[in-house]
$ cat input_37.txt   # compact mmCIF, C-alpha atoms and all ligand atoms
# COMPACT_ATOMS: atom_id res chain seq x y z
CA MET A 11 30.38 65.97 154.92
CA PRO A 12 29.04 68.70 152.59
CA SER A 13 30.01 68.39 148.94
CA ARG A 14 32.55 70.75 147.39
CA ARG A 15 29.75 72.48 145.49
CA GLU A 16 27.57 73.38 148.45
CA PHE A 17 29.83 76.14 149.65
CA SER A 18 29.79 78.23 146.50
CA ARG A 19 28.62 81.37 148.22
CA THR A 20 31.36 81.74 150.81
CA SER A 21 33.51 84.54 149.70
CA LEU A 22 31.76 87.30 147.84
CA ALA A 23 29.97 88.57 150.92
CA ALA A 24 33.16 88.36 152.92
CA LEU A 25 34.85 90.25 150.11
CA GLY A 26 32.41 93.12 150.51
CA ALA A 27 35.21 95.62 150.94
CA ALA A 28 37.11 94.13 148.04
CA ALA A 29 36.44 96.95 145.61
CA LEU A 30 39.43 98.71 147.19
CA GLY A 31 41.73 96.69 144.91
CA ARG A 32 43.71 98.26 142.14
CA TRP A 33 41.77 96.19 139.62
CA PRO A 34 37.99 96.60 139.21
CA VAL A 35 35.83 93.54 139.90
CA ILE A 36 34.71 91.89 136.64
CA GLU A 37 31.83 89.41 136.99
CA ARG A 38 30.80 88.80 133.35
CA HIS A 39 32.74 88.81 130.10
CA ALA A 40 32.31 87.72 126.48
CA HIS A 41 33.84 84.22 126.71
CA GLN A 42 32.02 82.83 129.73
CA GLY A 43 31.50 79.40 128.11
CA VAL A 44 35.11 78.63 127.13
CA ARG A 45 36.83 75.74 128.96
CA ILE A 46 40.35 74.31 129.01
CA ASN A 47 41.08 70.67 128.04
CA GLY A 48 41.52 68.94 131.40
CA ASP A 49 42.63 65.59 129.95
CA ARG A 50 45.42 67.26 128.02
CA LEU A 51 46.52 69.32 131.03
CA ASN A 52 46.68 66.25 133.28
CA ALA A 53 48.57 64.28 130.61
CA HIS A 54 51.14 67.10 130.42
CA LEU A 55 51.52 67.02 134.22
CA LYS A 56 52.21 63.30 134.09
CA ALA A 57 54.77 63.78 131.30
CA LEU A 58 56.59 66.56 133.20
CA SER A 59 56.78 64.37 136.32
CA ALA A 60 59.11 61.99 134.43
CA PHE A 61 61.93 64.56 134.63
CA GLY A 62 63.56 63.82 137.98
CA ALA A 63 61.05 61.09 138.94
CA ASN A 64 62.10 59.35 142.16
CA PRO A 65 61.22 55.87 143.43
CA GLN A 66 58.84 57.31 146.06
CA GLY A 67 56.57 58.64 143.30
CA GLY A 68 57.55 62.31 143.44
CA VAL A 69 60.34 64.31 141.80
CA SER A 70 63.72 65.71 142.70
CA ARG A 71 64.02 68.46 140.11
CA VAL A 72 66.02 71.01 142.05
CA ALA A 73 66.83 74.24 140.24
CA TYR A 74 69.92 74.19 137.97
CA SER A 75 70.09 70.37 137.92
CA GLU A 76 70.07 68.42 134.67
CA TYR A 77 66.45 67.38 135.38
CA ASP A 78 65.51 71.03 135.82
CA ARG A 79 67.07 71.81 132.45
CA LEU A 80 65.21 68.92 130.79
CA GLY A 81 61.90 69.87 132.44
CA ARG A 82 62.32 73.43 131.20
CA GLU A 83 62.99 72.16 127.65
CA TYR A 84 59.79 70.11 127.80
CA VAL A 85 57.80 73.11 129.02
CA MET A 86 59.23 75.40 126.32
CA GLY A 87 58.12 72.85 123.71
CA LEU A 88 54.56 72.95 125.09
CA MET A 89 54.65 76.75 125.01
CA ARG A 90 55.61 76.75 121.34
CA GLU A 91 52.81 74.29 120.56
CA ALA A 92 50.46 76.71 122.30
CA GLY A 93 51.51 79.42 119.85
CA LEU A 94 53.62 81.35 122.34
CA THR A 95 56.86 83.09 121.39
CA VAL A 96 59.39 81.68 123.85
CA THR A 97 62.35 83.56 125.31
CA VAL A 98 64.61 83.07 128.34
CA ASP A 99 65.36 86.35 130.12
CA THR A 100 68.81 87.25 131.47
CA ALA A 101 67.82 85.87 134.90
CA GLY A 102 66.84 82.51 133.39
CA ASN A 103 63.05 82.92 133.66
CA ILE A 104 61.06 81.49 130.72
CA HIS A 105 58.53 83.76 129.01
CA GLY A 106 55.91 82.74 126.45
CA ALA A 107 54.42 85.79 124.77
CA ARG A 108 51.26 86.24 122.71
CA ALA A 109 50.25 89.57 121.15
CA GLY A 110 47.10 91.43 122.16
CA SER A 111 44.87 93.58 119.98
CA ASP A 112 45.15 96.85 121.95
CA PRO A 113 48.60 98.46 121.68
CA ALA A 114 47.87 100.61 124.75
CA LYS A 115 47.53 97.58 127.05
CA LYS A 116 50.30 96.18 129.25
CA PRO A 117 50.73 92.39 129.32
CA LEU A 118 48.80 90.11 131.63
CA TRP A 119 51.25 87.67 133.23
CA PHE A 120 50.36 84.25 134.60
CA GLY A 121 52.45 81.17 135.40
CA SER A 122 54.41 79.50 138.20
CA HIS A 123 57.60 77.36 138.48
CA VAL A 124 58.76 73.85 137.53
CA ASP A 125 61.72 73.37 139.90
CA SER A 126 61.06 71.26 143.01
CA VAL A 127 62.44 70.77 146.51
CA PRO A 128 64.64 67.67 146.98
CA GLU A 129 62.27 64.66 147.15
CA GLY A 130 59.29 66.87 146.36
CA GLY A 131 55.95 66.20 144.68
CA ASN A 132 54.57 66.47 141.15
CA TYR A 133 52.14 69.36 141.68
CA ASP A 134 53.86 72.25 143.51
CA GLY A 135 54.65 74.60 140.60
CA PRO A 136 53.76 72.34 137.64
CA VAL A 137 49.98 72.80 138.16
CA GLY A 138 50.23 76.57 137.71
CA SER A 139 52.89 76.37 134.99
CA LEU A 140 51.15 73.81 132.80
CA GLY A 141 47.75 75.30 133.71
CA ALA A 142 48.95 78.63 132.33
CA ILE A 143 50.19 77.01 129.11
CA GLU A 144 46.85 75.17 128.80
CA VAL A 145 45.07 78.53 129.04
CA ALA A 146 47.23 79.88 126.18
CA GLN A 147 46.59 76.72 124.14
CA THR A 148 42.83 77.12 124.70
CA LEU A 149 42.91 80.76 123.57
CA LYS A 150 44.75 79.68 120.42
CA GLU A 151 42.33 76.85 119.63
CA ARG A 152 39.30 79.02 120.22
CA GLY A 153 40.74 81.82 118.08
CA ILE A 154 40.43 84.31 120.94
CA THR A 155 42.64 87.38 120.69
CA THR A 156 42.85 89.17 124.03
CA ARG A 157 43.16 92.93 124.17
CA HIS A 158 46.13 92.69 126.53
CA PRO A 159 49.28 90.93 125.38
CA ILE A 160 49.71 87.70 127.33
CA ASN A 161 52.89 86.46 128.99
CA VAL A 162 53.10 82.96 130.43
CA VAL A 163 56.04 83.06 132.86
CA ILE A 164 57.93 80.14 134.37
CA PHE A 165 60.05 81.55 137.17
CA GLN A 166 63.40 79.86 137.78
CA ASN A 167 64.50 78.52 141.19
CA GLU A 168 61.34 79.25 143.15
CA GLU A 169 62.20 76.66 145.78
CA GLY A 170 65.66 78.05 146.45
CA GLY A 171 64.22 81.39 147.62
CA THR A 172 62.04 82.74 144.75
CA VAL A 173 65.23 83.67 142.89
CA GLY A 174 63.74 84.35 139.42
CA SER A 175 60.94 86.61 140.60
CA ARG A 176 63.34 88.53 142.86
CA ALA A 177 65.46 89.20 139.77
CA ILE A 178 62.35 90.51 137.98
CA VAL A 179 61.71 93.07 140.72
CA GLY A 180 65.39 94.00 141.10
CA GLU A 181 65.90 92.22 144.44
CA LEU A 182 68.48 89.64 143.42
CA HIS A 183 71.73 91.20 144.56
CA GLU A 184 75.38 90.57 143.79
CA ALA A 185 75.94 88.82 147.16
CA ASP A 186 73.02 86.44 146.49
CA LEU A 187 74.65 85.20 143.27
CA ASP A 188 77.44 83.43 145.17
CA LEU A 189 75.13 81.48 147.48
CA GLY A 190 75.21 77.72 146.98
CA THR A 191 72.17 75.73 145.87
CA ARG A 192 71.01 72.11 146.16
CA SER A 193 72.22 71.46 142.57
CA GLY A 194 75.80 71.99 143.74
CA LYS A 195 76.05 75.14 141.62
CA THR A 196 75.99 78.69 142.90
CA ILE A 197 73.04 80.82 141.81
CA ARG A 198 75.45 82.61 139.47
CA SER A 199 76.60 79.47 137.64
CA GLY A 200 73.07 78.03 137.80
CA ILE A 201 71.65 81.03 135.94
CA THR A 202 74.28 80.57 133.24
CA PHE A 203 73.48 76.83 133.09
CA ILE A 204 69.79 77.47 132.30
CA GLY A 205 70.48 80.08 129.63
CA GLY A 206 70.53 83.36 131.55
CA ASN A 207 73.16 86.08 131.29
CA VAL A 208 74.39 87.22 134.70
CA PRO A 209 76.32 90.35 133.62
CA ARG A 210 73.07 91.58 132.04
CA LEU A 211 70.82 90.49 134.91
CA ALA A 212 69.26 93.95 135.23
CA GLU A 213 67.65 93.56 131.80
CA ALA A 214 65.22 91.02 133.31
CA GLN A 215 63.79 93.68 135.63
CA ARG A 216 60.26 95.03 135.35
CA LYS A 217 59.11 98.16 137.09
CA ALA A 218 55.71 99.25 138.33
CA GLY A 219 53.45 99.82 135.34
CA ASP A 220 55.24 97.36 133.00
CA VAL A 221 52.89 94.47 133.81
CA ALA A 222 49.08 94.78 133.95
CA ALA A 223 48.62 92.01 136.54
CA TYR A 224 50.05 88.66 137.67
CA ILE A 225 47.88 85.62 138.44
CA GLU A 226 49.23 82.30 139.73
CA LEU A 227 47.37 79.01 139.96
CA HIS A 228 48.86 76.72 142.63
CA ILE A 229 48.03 73.81 144.90
CA GLU A 230 47.08 74.90 148.43
CA GLN A 231 49.82 72.80 150.09
CA GLY A 232 47.79 72.87 153.30
CA GLY A 233 44.67 70.84 154.10
CA ASN A 234 41.94 73.47 154.46
CA LEU A 235 40.21 73.08 151.09
CA ASP A 236 40.36 69.29 151.30
CA LYS A 237 39.03 69.23 154.88
CA GLU A 238 36.20 71.62 154.06
CA GLN A 239 35.53 69.96 150.68
CA LEU A 240 35.86 73.25 148.81
CA ASN A 241 37.00 73.58 145.19
CA ILE A 242 38.93 76.84 145.07
CA GLY A 243 40.96 79.02 147.44
CA VAL A 244 41.10 82.74 146.75
CA VAL A 245 44.41 83.80 148.29
CA GLU A 246 44.30 86.97 150.37
CA GLY A 247 47.97 87.25 151.24
CA ILE A 248 51.27 85.38 151.13
CA VAL A 249 53.53 84.93 154.15
CA GLY A 250 56.88 86.60 154.56
CA ILE A 251 59.81 84.20 154.91
CA GLY A 252 63.18 84.65 156.61
CA TRP A 253 66.06 82.18 156.15
CA TRP A 254 69.28 82.12 158.17
CA ASP A 255 72.32 79.85 158.07
CA VAL A 256 73.30 79.14 161.67
CA THR A 257 76.78 78.06 162.73
CA ILE A 258 77.33 76.71 166.24
CA GLU A 259 80.98 76.53 167.32
CA GLY A 260 82.09 74.34 170.24
CA PHE A 261 85.24 72.25 170.57
CA ALA A 262 85.82 68.81 169.01
CA ASN A 263 87.37 66.45 171.54
CA HIS A 264 87.71 62.79 172.53
CA ALA A 265 84.33 61.20 173.31
CA GLY A 266 85.82 58.75 175.80
CA THR A 267 88.22 60.88 177.81
CA THR A 268 86.43 64.23 178.04
CA ALA A 269 84.26 64.40 181.15
CA MET A 270 80.67 65.47 180.61
CA ASN A 271 81.08 68.82 182.34
CA ASP A 272 84.27 69.64 180.41
CA ARG A 273 82.59 69.44 177.03
CA ARG A 274 81.77 72.20 174.58
CA ASP A 275 79.36 70.08 172.55
CA ALA A 276 77.94 71.89 169.50
CA MET A 277 75.37 69.11 169.02
CA LEU A 278 74.00 69.52 172.55
CA ALA A 279 73.67 73.26 171.85
CA PHE A 280 71.90 72.38 168.58
CA ALA A 281 69.40 70.14 170.39
CA ARG A 282 68.57 72.93 172.85
CA TYR A 283 68.37 75.42 169.96
CA THR A 284 65.84 73.31 168.04
CA ASP A 285 63.62 72.92 171.09
CA MET A 286 63.95 76.64 171.90
CA VAL A 287 62.90 77.72 168.36
CA ASN A 288 59.71 75.70 168.75
CA ARG A 289 59.08 77.21 172.21
CA VAL A 290 59.66 80.82 171.09
CA VAL A 291 57.52 80.50 167.95
CA THR A 292 54.60 78.93 169.84
CA SER A 293 54.81 81.37 172.76
CA GLU A 294 52.58 84.01 171.15
CA PRO A 295 49.17 83.71 169.50
CA GLY A 296 48.99 83.69 165.68
CA ARG A 297 49.77 81.59 162.61
CA GLN A 298 53.55 82.15 162.66
CA VAL A 299 55.73 79.08 162.06
CA GLY A 300 59.40 78.31 162.62
CA THR A 301 61.43 75.39 161.29
CA VAL A 302 64.93 74.02 161.77
CA GLY A 303 65.15 71.94 158.60
CA MET A 304 68.85 71.34 157.99
CA VAL A 305 71.69 70.12 160.18
CA MET A 306 75.26 68.91 159.68
CA ALA A 307 77.59 68.00 162.57
CA PHE A 308 81.38 68.12 162.27
CA PRO A 309 83.58 66.18 162.13
CA GLY A 310 80.73 63.62 162.20
CA ALA A 311 82.08 60.54 164.00
CA ARG A 312 80.66 58.36 166.76
CA ASN A 313 83.69 58.87 169.00
CA VAL A 314 84.24 62.61 168.57
CA ILE A 315 82.29 65.29 170.43
CA PRO A 316 80.91 67.54 167.67
CA GLY A 317 82.93 70.75 167.54
CA LYS A 318 80.75 72.46 164.99
CA VAL A 319 77.15 72.30 163.76
CA GLN A 320 75.79 74.01 160.70
CA CYS A 321 72.03 74.29 160.66
CA SER A 322 69.22 76.55 159.55
CA LEU A 323 66.41 78.74 160.78
CA GLU A 324 63.27 79.55 158.85
CA LEU A 325 60.55 81.89 160.19
CA ARG A 326 57.26 82.74 158.44
CA ASP A 327 54.31 85.03 159.09
CA LEU A 328 51.98 87.40 157.26
CA ASP A 329 53.40 90.17 159.50
CA ASN A 330 57.02 90.98 158.59
CA ALA A 331 57.57 92.79 161.91
CA LYS A 332 56.64 89.61 163.79
CA ILE A 333 59.33 87.68 161.88
CA THR A 334 61.94 90.25 162.92
CA ARG A 335 60.73 90.20 166.52
CA LEU A 336 60.81 86.38 166.72
CA PHE A 337 64.29 86.32 165.19
CA GLU A 338 65.57 88.72 167.84
CA ARG A 339 64.08 86.53 170.58
CA VAL A 340 65.69 83.40 169.07
CA ARG A 341 69.03 85.17 168.90
CA ALA A 342 68.81 86.29 172.53
CA GLU A 343 67.97 82.74 173.65
CA CYS A 344 70.98 81.45 171.69
CA VAL A 345 73.28 83.63 173.81
CA LYS A 346 71.95 81.84 176.92
CA ILE A 347 72.32 78.40 175.30
CA GLY A 348 75.85 79.32 174.27
CA GLU A 349 76.76 80.35 177.84
CA ALA A 350 75.37 77.11 179.27
CA THR A 351 77.10 74.83 176.74
CA GLY A 352 80.39 76.65 176.05
CA THR A 353 79.43 77.32 172.45
CA THR A 354 78.78 80.34 170.22
CA PHE A 355 76.04 80.93 167.65
CA ALA A 356 76.47 82.95 164.44
CA PHE A 357 73.58 83.81 162.12
CA GLN A 358 73.88 84.69 158.45
CA SER A 359 70.75 85.91 156.68
CA THR A 360 70.51 84.13 153.32
CA HIS A 361 67.05 85.14 152.15
CA GLN A 362 64.22 87.44 153.24
CA SER A 363 60.90 87.59 151.35
CA ALA A 364 58.44 90.22 152.55
CA SER A 365 54.82 89.15 152.89
CA ALA A 366 52.38 90.56 150.36
CA MET A 367 48.64 91.10 150.17
CA CYS A 368 46.76 90.10 147.02
CA ASP A 369 44.81 92.63 144.96
CA THR A 370 41.28 92.67 146.39
CA GLY A 371 39.69 93.56 143.03
CA ILE A 372 41.25 90.51 141.37
CA MET A 373 40.33 88.37 144.39
CA SER A 374 36.67 89.30 143.88
CA THR A 375 36.99 88.62 140.16
CA ILE A 376 38.44 85.15 140.87
CA ALA A 377 35.59 84.45 143.30
CA ALA A 378 33.03 85.57 140.71
CA GLN A 379 34.57 83.34 138.02
CA ALA A 380 34.62 80.34 140.41
CA ARG A 381 30.97 80.98 141.20
CA GLY A 382 30.19 81.24 137.48
CA LEU A 383 31.77 77.81 137.02
CA GLY A 384 29.67 76.38 139.86
CA LEU A 385 32.72 75.96 142.08
CA SER A 386 32.77 76.51 145.83
CA HIS A 387 35.47 78.79 147.20
CA ARG A 388 36.80 80.62 150.23
CA GLN A 389 39.45 83.20 151.01
CA MET A 390 42.63 82.01 152.69
CA PRO A 391 46.17 83.13 153.46
CA SER A 392 49.09 81.25 151.88
CA GLY A 393 51.53 79.72 154.34
CA ALA A 394 53.83 78.86 151.44
CA GLY A 395 55.97 81.42 149.69
CA HIS A 396 55.31 82.19 146.01
CA ASP A 397 56.71 84.28 143.19
CA ALA A 398 53.43 86.24 143.34
CA GLN A 399 54.62 87.94 146.54
CA HIS A 400 57.46 89.60 144.61
CA MET A 401 55.34 90.36 141.54
CA ALA A 402 52.99 92.23 143.91
CA LYS A 403 55.71 94.91 144.15
CA VAL A 404 55.32 95.81 140.46
CA CYS A 405 51.70 94.93 139.62
CA PRO A 406 48.37 93.85 141.13
CA SER A 407 48.84 90.15 141.91
CA ALA A 408 46.59 87.31 143.00
CA MET A 409 46.54 83.53 143.40
CA ILE A 410 44.08 80.69 142.84
CA PHE A 411 44.46 77.57 145.03
CA VAL A 412 43.17 74.05 144.38
CA PRO A 413 42.95 71.36 147.09
CA SER A 414 45.97 69.34 148.20
CA ILE A 415 44.72 65.95 149.36
CA LYS A 416 45.39 65.59 153.12
CA GLY A 417 47.35 68.85 152.91
CA ILE A 418 50.59 67.05 151.99
CA SER A 419 53.21 69.02 150.02
CA HIS A 420 57.00 69.18 149.61
CA ALA A 421 56.79 65.38 149.77
CA PRO A 422 56.34 62.62 147.17
CA GLN A 423 52.78 61.93 148.44
CA GLU A 424 51.66 65.42 147.31
CA PHE A 425 48.44 64.94 145.29
CA SER A 426 45.66 66.97 143.72
CA THR A 427 42.88 65.29 141.76
CA PRO A 428 42.68 65.71 137.96
CA GLN A 429 39.24 67.29 138.42
CA ASP A 430 40.52 69.85 140.92
CA ILE A 431 43.40 70.73 138.60
CA THR A 432 40.98 71.11 135.68
CA ASN A 433 38.75 73.33 137.84
CA GLY A 434 41.68 75.52 138.82
CA ALA A 435 42.83 75.98 135.23
CA ASN A 436 39.29 76.91 134.20
CA VAL A 437 39.16 79.53 136.95
CA LEU A 438 42.53 80.85 135.70
CA LEU A 439 41.24 80.99 132.10
CA GLN A 440 38.03 82.76 133.12
CA THR A 441 39.94 85.16 135.36
CA VAL A 442 42.36 86.09 132.56
CA LEU A 443 39.42 86.70 130.20
CA ALA A 444 37.60 88.73 132.84
CA LEU A 445 40.65 90.90 133.57
CA ASP A 446 41.12 91.38 129.84
CA ALA A 447 37.59 92.77 129.65
CA LYS A 448 38.57 95.76 131.79
O1 LIG B 501 58.96 77.13 150.57
C1 LIG B 501 57.90 77.58 150.12
O2 LIG B 501 57.02 78.08 150.78
C2 LIG B 501 57.58 77.47 148.68
O3 LIG B 501 56.97 76.27 148.40
N1 LIG B 501 58.63 77.82 147.85
MN MN B 502 57.26 74.62 147.13
MN MN B 503 55.34 76.38 144.55
$ encode --input "input_37.txt" --output "structure tokens" --more "lines below"
Ligand code: HGY
Ligand code: MN
Ligand code: MN
Amino acid sequence: MPSRREFSRTSLAALGAAALGRWPVIERHAHQGVRINGDRLNAHLKALSAFGANPQGGVSRVAYSEYDRLGREYVMGLMREAGLTVTVDTAGNIHGARAGSDPAKKPLWFGSHVDSVPEGGNYDGPVGSLGAIEVAQTLKERGITTRHPINVVIFQNEEGGTVGSRAIVGELHEADLDLGTRSGKTIRSGITFIGGNVPRLAEAQRKAGDVAAYIELHIEQGGNLDKEQLNIGVVEGIVGIGWWDVTIEGFANHAGTTAMNDRRDAMLAFARYTDMVNRVVTSEPGRQVGTVGMVMAFPGARNVIPGKVQCSLELRDLDNAKITRLFERVRAECVKIGEATGTTFAFQSTHQSASAMCDTGIMSTIAAQARGLGLSHRQMPSGAGHDAQHMAKVCPSAMIFVPSIKGISHAPQEFSTPQDITNGANVLLQTVLALDAK
């Protein structure tokens, strides 16, 4: 197995056409030797993982829960220690600002999120959030004043559909605010709970030109870097995601007296639906994925034929048109399943994130900084959604991935090594300094 270092040349050649990005490629800058404090960063990660720690070793820190609130407090404390001026915007996103020396420059944003999925891991979001704060702390300690103002951003409710970043780009709409969340609160009451101001939500918006660039450090969440023993992933694009709530209506009836062919069993329709989603999604070539991740049967008793099922549909691909096409195929198949089982299917769209491509100039800059640090790297798409895909609508955006051991994520066993996390934060630091040299 080749070592992580032996692959350091991968990407720059492949990125030959990369100069087409909005940001010029910066290879060298004045602070090439500066490094973050990896021990401190990893200690902060361990401390944050106490908020919502679960017995399996991961966290349940879903957005708008008490643990989310406590985790955010902890993070705001670290930001203040790092010399950042901390504010919470009207959408509930946390910002840590640091002045730059050139009044003509727009701020460089970098950060991630600290909310988790239910029974999630300790690295999805925290690595990029605490990595960003560590970069700010390093700049402070080294007495480096950047030309651009700096803004460390911690987006709220990333896992519930990139809610905070959608508010930033003006895509969190009135109807979204009344959707429920895993905390038990609606998005509207959740935003109030974490210190936002819903009637003034629009004040959180940024438009094209307000932000110089957005960079996010994150764990890969897939197993490519680990398998190939590479240090850094340079993200080329982020998948689009569609979410639908699906309601299957049948007829609840006695499980002992209703003959098999007289039943309108919503659970049977659900079983066929789940199998069909897998069949439709795998029926064409490509990296598209589809998941049925939630199900509830009603009334939910051993001796009652389920009259109603509420479940979900998630579709992802780098091509938004493919998501729409697959959804239409799923919906058409549901009509057939409904006819065969005496049930009906209704779909309600609850969230749609368009895919986004990363800025090729910043991608080349990230690759150059990784190379300068002696780190191997390759380009890769992101199969996970990220706030960066929304930020890409208002500024050049890019992402830095570090390995996820065995590719496990959204699970308590999620793990990235302290060295890989340190490497990623150093690439973030060097990338910020390189972009600032523009
Ligand atoms: O679901 C996702 O892709 C992300 O981790 N929010
Ligand atoms: Mn996640
Ligand atoms: Mn994440």
$ closest_residue --input "input_37.txt" --among "A:Ile225, A:Val124, A:Val72, A:Val299" --to "Gly194 (chain A)" --atoms "only C-alpha atoms"
A:Val72
$ residues_near_ligand --input "input_37.txt" --ligand "ligand MN 502 (chain B)" --cutoff "9 Å" --atoms "all atoms listed in the file" --output "mmCIF file with C-alpha atoms, keeping the file's coordinate frame"
data_model
loop_
_atom_site.group_PDB
_atom_site.id
_atom_site.type_symbol
_atom_site.label_atom_id
_atom_site.label_comp_id
_atom_site.auth_asym_id
_atom_site.auth_seq_id
_atom_site.Cartn_x
_atom_site.Cartn_y
_atom_site.Cartn_z
ATOM 1 C CA ASP A 125 61.720 73.370 139.900
ATOM 2 C CA SER A 126 61.060 71.260 143.010
ATOM 3 C CA VAL A 127 62.440 70.770 146.510
ATOM 4 C CA GLY A 130 59.290 66.870 146.360
ATOM 5 C CA GLY A 131 55.950 66.200 144.680
ATOM 6 C CA ASP A 134 53.860 72.250 143.510
ATOM 7 C CA GLY A 135 54.650 74.600 140.600
ATOM 8 C CA GLU A 168 61.340 79.250 143.150
ATOM 9 C CA GLU A 169 62.200 76.660 145.780
ATOM 10 C CA GLN A 231 49.820 72.800 150.090
ATOM 11 C CA ALA A 394 53.830 78.860 151.440
ATOM 12 C CA GLY A 395 55.970 81.420 149.690
ATOM 13 C CA HIS A 396 55.310 82.190 146.010
ATOM 14 C CA SER A 419 53.210 69.020 150.020
ATOM 15 C CA HIS A 420 57.000 69.180 149.610
#
$ atom_distance --input "input_37.txt" --atom1 "CA of Ala311 (chain A)" --atom2 "CA of Phe355 (chain A)"
21.6 Å
$ residues_near_point --input "input_37.txt" --point "(54.0, 80.0, 120.0)" --cutoff "10 Å" --atoms "all atoms listed in the file" --output "PDB file with C-alpha atoms, keeping the file's coordinate frame"
ATOM      1  CA  MET A  86      59.230  75.400 126.320  1.00  0.00           C
ATOM      2  CA  GLY A  87      58.120  72.850 123.710  1.00  0.00           C
ATOM      3  CA  LEU A  88      54.560  72.950 125.090  1.00  0.00           C
ATOM      4  CA  MET A  89      54.650  76.750 125.010  1.00  0.00           C
ATOM      5  CA  ARG A  90      55.610  76.750 121.340  1.00  0.00           C
ATOM      6  CA  GLU A  91      52.810  74.290 120.560  1.00  0.00           C
ATOM      7  CA  ALA A  92      50.460  76.710 122.300  1.00  0.00           C
ATOM      8  CA  GLY A  93      51.510  79.420 119.850  1.00  0.00           C
ATOM      9  CA  LEU A  94      53.620  81.350 122.340  1.00  0.00           C
ATOM     10  CA  THR A  95      56.860  83.090 121.390  1.00  0.00           C
ATOM     11  CA  VAL A  96      59.390  81.680 123.850  1.00  0.00           C
ATOM     12  CA  GLY A 106      55.910  82.740 126.450  1.00  0.00           C
ATOM     13  CA  ALA A 107      54.420  85.790 124.770  1.00  0.00           C
ATOM     14  CA  ARG A 108      51.260  86.240 122.710  1.00  0.00           C
ATOM     15  CA  ALA A 146      47.230  79.880 126.180  1.00  0.00           C
ATOM     16  CA  GLN A 147      46.590  76.720 124.140  1.00  0.00           C
ATOM     17  CA  LYS A 150      44.750  79.680 120.420  1.00  0.00           C
TER      18      LYS A 150
END
$ closest_residue --input "input_37.txt" --among "A:Gly171, A:Gly252, A:Gly243, A:Pro113" --to "Met390 (chain A)" --atoms "only C-alpha atoms"
A:Gly243
$ closest_residue --input "input_37.txt" --among "A:Ser392, A:Gln320, A:Ser363, A:Thr334" --to "ligand MN 503 (chain B)" --atoms "only C-alpha atoms and all ligand atoms"
A:Ser392
